[in-house]
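K.L.:
Structure incoming, see below.
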2 protein chains.
Amino acid sequence: MEFQQVIEARRAYRSLDPFPITPELIADLGRAASLSASCFNNQPWRFVFVHGAESLEALKGCLNPGNEWARDASMIVAVCSRPDLDCRTQGRDYYLFDSGMGTAFLILLATDRGLVAHPIAGYDEGKAKAVLGVPADLTLITLVIMGLHQPDLKPSLNEKQRAMEAERPARRAPAEFVFHDRWPA
Amino acid sequence: MEFQQVIEARRAYRSLDPFPITPELIADLGRAASLSASCFNNQPWRFVFVHGAESLEALKGCLNPGNEWARDASMIVAVCSRPDLDCRTQGRDYYLFDSGMGTAFLILLATDRGLVAHPIAGYDEGKAKAVLGVPADLTLITLVIMGLHQPDLKPSLNEKQRAMEAERPARRAPAEFVFHDRWPA
């Protein structure tokens with residue numbers, strides 16, 4: 001797909017159908033993330049691609065109420081990192097920012113392949129880390145819920161989610177976040 | 001450009017030529033970022049597009065030694081955010097991760113338009129915030145240095161940087177960051 005089409009097509013859909021997981025797809029998702037920028041090329045992102053039936057079921061048991069829709073995922077990518085995997089400069093830690101950039105590349109590649117990749121924060125981190133065996137000193141930053149978009153709404157969506165599926169949630173007006181030369185007075 | 005081409009083309013080049021800044025380009029960069037995902041659609045990113053001669057010169061005065069190459073930039077995007085502009089869940093702050101995702105969209109759009117967009121951490125944050133009037137409670141997370149790639153190396157690059165310009169810095173092997181179903185033992 002054309003780049004512009006991909007960024008327009010990316011949506012955090014919740015109505016998901018299964019899709020086939022292949023080693024090639026996972027390799028491509030990892031490679032896309034690795035092509036991102038990071039401070040001193042540290043590449044602080046670590047991804048657990050959860051697709052085996054048993055692991056996937058266990059991880060789905062860690063979702064918060066309201067994320068029942070994510071149970072329809074064929075794969076969930078657990079994004080993990082740790083402060084010392086990246087630069088720490090003048091009190092600024094880069095592991096979260098850089099992991100965000102890498103994850104964006106991964107999400108966009110998934111979109112380019114016709115998949116939904118919806119990052120969520122609503123899970124029990126301690127339980128999810130235990131399920132996946134993620135060491136205590138890593139942060140499980142997000143779970144990227146992956147599926148094929150199903151235009152007919154799946155029953156797992158609640159009423160509010162059904163409404164949100166229809167159109168892209170509103171974006172801030174440029175005046176709220178695009179400034180020129182100086183922070184606005 | 002095709003999406004795959006864009007992610008392959010993105011490089012943190014340091015040999016930069018001028019390019020024309022237009023209001024349309026800045027609007028498109030902001031819009032690309034705004035199309036990214038964020039926790040509860042908070043869109044915590046704030047961008048100061050620094051392109052006016054005076055502001056740009058003042059901001060270039062905040063670069064750390066080693067970043068002399070960035071003085072060739074036609075525009076620098078200061079990426080700012082603050083913890084309370086985004087979710088705080090179970091001790092996890094999302095403003096840096098989400099700002100990273102938004103900034104990746106911006107960087108990739110710049111790449112799609114044939115520009116270099118090179119995020120750096122090497123600047124005096126206090127001084128840069130003072131120059132731009134960024135309030136104390138915001139973090140100036142990165143400066144995205146923008147220019148046109150000049151294949152003939154500019155004199156502002158040091159010897160190490162000249163060597164790095166020739167080929168993409170090595171990426172981690174998949175075994176280091178792509179895991180399946182469980183964190184590796």
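Just so we're on the same page: first chain in the structure tokens is A, next is B, and so on; residues restart at 1 for each chain, and ligands are numbered from 1 in the order they show up.
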I need the residues in chain A that are strand (DSSP E or B) according to DSSP; give them as a ChimeraX atom specification.
P.N.:
/A:2,16-17,46-50,63,75-81,88-89,92-93,116-120,123,139-149,178-180
K.L.:
Quick one: residues within 7 Å of range 144-157 of chain B, only C-alpha atoms counted, chain neighbours fewer than 5 positions away excluded, as a VMD selection string?
P.N.:
chain B and resid 13 15 to 19 68 to 70 73 to 78 115 to 120 162
K.L.:
My list of candidates is A:Phe40, A:Tyr94, A:Phe3, A:Tyr123. Which is closest to chain B when distances are computed with only C-alpha atoms?
P.N.:
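Ranked by minimum distance to chain B, first place goes to A:Phe3.
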K.L.:
Could you pull the residues within 8 Å of range 164-176 of chain A, counting only C-alpha atoms, minus those fewer than 2 positions along the same chain, as a list in words?
P.N.:
Arg11, Tyr13, Arg14, Ser15, Lys160, Gln161, Arg162, Val178 and Phe179 of chain A; Ala27, Gly30, Arg31, Ser34, Leu35, Asn41, Gln43 and Arg46 of chain B
K.L.:
In Å to one decimal, how far is CA of Asn42 in chain B from CA of Leu56 in chain B?
P.N.:
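Atom-to-atom, CA of Leu56 in chain B to CA of Asn42 in chain B, that is 29.0 Å.
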K.L.:
If you count only C-alpha atoms, which residues fall within 7 Å of range 81-88 of chain B, apart from same-chain ones fewer than 6 positions away, as a count of residues only?
P.N.:
11
K.L.:
Going by DSSP on the backbone, which residues of range 12-139 of chain A come out as helix (DSSP H, G or I)? List them as number ranges by chain.
P.N.:
A: 23-34, 39-41, 53-60, 68-72, 83-85, 95-112, 125-132
K.L.:
Got a sec: who's within 10 Å of Arg113 in chain A, counting only C-alpha atoms, leaving out chain neighbours fewer than 5 positions off, as a ChimeraX atom specification?
P.N.:
/A:1,6,25,107-108,148
K.L.:
Give the answer as one residue: which of A:Phe47, A:Ala58, A:Leu106, A:Asp28 has the shortest atom-to-atom distance to chain B, using only C-alpha atoms?
P.N.:
A:Phe47
K.L.:
Hey, what's within 9 Å of Asn64 in chain B if we count only C-alpha atoms and toss same-chain stuff fewer than 6 positions away? As a PyMOL selection string, please?
P.N.:
chain B and resi 121-124
K.L.:
So which one's closest to chain B, A:Ala53, A:Ala130, A:Ile21, A:Ala104? Using only C-alpha atoms, please.
P.N.:
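Once distances to chain B are computed over only C-alpha atoms, the minimum belongs to A:Ala104.
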